[in-house]
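**Student:** I'd like to ask some things about the structure below.
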Amino acid sequence: MAFMQFFTILAIVVVFLSSAALATDHIVGDAKGWTINFDYDGWAKDKVFMVGDNLIFTYQKDKHNVFKVNGTAFHDCTIPPANEAYISGNDTITLLTPGKKWYICGVGKHCADLGMRLAINVVSRAGAPAPTPMPMPMPTPNPPSNSAFANVVSGYQVVAAAMVALMVMIFA
Ligand SMILES: [Cu+2]
């Protein structure tokens, strides 16, 4: 019985370690969050963004929003249609693919004049496949699909936790 308890604890530890290894949460702007007159280039400069990590934008929801844009829209501060905005004030965006990613605020001149623009480079996770083994068609890379896909990824962790709970019930 002691062995089974050890096994259960080991399984829990493995699940926690693997989910920690899967993703880093990057809180954009750290304590300042997503706001005007902040140096997001400086914030991003010394960070490593890996596939599977999360960007978390925190802000007062009636003051700002977040759009994921392409490089041209980033450069020109072109605001996409309003229905593409993240608006919750606490938006988690999972980085699903390597390469350059761009985010801007779509309120007023916050992008053009007040620095609310973030460009990052996402790199592959060395030595491990990206945590996206689901045999489902890849969503188109617009923000609503990305957040739906992020739910699937965290759903994977829920399944792993449920399996541990099941083992506890069987072996305890
Ligand atoms: Cu703003």
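For the structure tokens, the naming scheme is as follows: chains receive sequential letters (A, B, ...) according to their order of presentation, residues are indexed from 1 within each chain, and ligands are indexed from 1 in presentation order.
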Grab me every residue within 8 Å of ligand 1, counting only C-alpha atoms and all ligand atoms, and send it over as JSON, numbers by chain.
**Tutor:** {"A": [34, 35, 36, 63, 64, 65, 66, 105, 106, 107, 108, 109, 110, 111, 116]}
**Student:** DSSP on the backbone: which residues in stretch 93-126 of chain A end up as strand (DSSP E or B)? Give the answer as a list in words.
**Tutor:**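 Filtering stretch 93-126 of chain A down to strand (DSSP E or B) leaves Ile93, Thr94, Gly99, Lys100, Lys101, Trp102, Tyr103, Ile104, Arg117, Leu118, Ala119, Ile120, Asn121, Val122 and Val123 of chain A.
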**Student:** Can those selected residues be exported to a file as a PDB file, in the first residue's frame so that it contains C-alpha atoms?
**Tutor:**
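The resulting file, out09.pdb, is reproduced below:
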```
ATOM      1  CA  ILE A  93      -2.858  34.265 -25.708  1.00  0.00           C
ATOM      2  CA  THR A  94      -1.058  30.968 -26.216  1.00  0.00           C
ATOM      3  CA  GLY A  99       8.153  33.225 -35.619  1.00  0.00           C
ATOM      4  CA  LYS A 100       7.435  36.903 -35.218  1.00  0.00           C
ATOM      5  CA  LYS A 101       4.188  37.913 -33.488  1.00  0.00           C
ATOM      6  CA  TRP A 102       2.755  41.396 -33.179  1.00  0.00           C
ATOM      7  CA  TYR A 103       0.184  42.877 -30.802  1.00  0.00           C
ATOM      8  CA  ILE A 104      -1.247  46.382 -30.587  1.00  0.00           C
ATOM      9  CA  ARG A 117       2.666  47.830 -29.388  1.00  0.00           C
ATOM     10  CA  LEU A 118       4.504  44.607 -28.716  1.00  0.00           C
ATOM     11  CA  ALA A 119       6.616  42.561 -31.124  1.00  0.00           C
ATOM     12  CA  ILE A 120       8.085  39.236 -30.052  1.00  0.00           C
ATOM     13  CA  ASN A 121       9.895  36.327 -31.628  1.00  0.00           C
ATOM     14  CA  VAL A 122       8.624  32.867 -30.696  1.00  0.00           C
ATOM     15  CA  VAL A 123      11.063  29.959 -30.872  1.00  0.00           C
TER      16      VAL A 123
END
```
**Student:** One decimal, in Å: what's the spacing between atom CA of A:Leu96 and atom CA of A:Ala112?
**Tutor:**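 Distance reported for this atom pair: 27.0 Å.
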**Student:** Identify, on the basis of only C-alpha atoms, every residue whose closest approach to stretch 55-57 of chain A does not exceed 7 Å; exclude the query and any residue fewer than 6 positions from it along the same chain; express the result as number ranges by chain.
**Tutor:** A: 25-28, 33-34, 90-94
**Student:** Where does DSSP see alpha helix (DSSP H) in stretch 49-102 of chain A, if you list the residues as a ChimeraX atom specification?
**Tutor:** /A:71-76
**Student:** Taking only C-alpha atoms into account, name the residue in A:Asn54, A:Thr24, A:Ser88, A:Thr97 that is nearest to A:Phe67.
**Tutor:** A:Ser88
**Student:** Please, what distance in Å, to one decimal, runs between atom CA of A:Gly29 and atom CA of A:Val48?
**Tutor:**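 Here the two named atoms are 14.6 Å from each other.
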**Student:** Check the smallest atom-to-atom distance from each of A:Leu114, A:Ala44, A:Ala31, A:Ile87 to A:Lys68 using only C-alpha atoms, then report the winner.
**Tutor:**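 Looking only at the distances to A:Lys68, the closest residue turns out to be A:Ile87.
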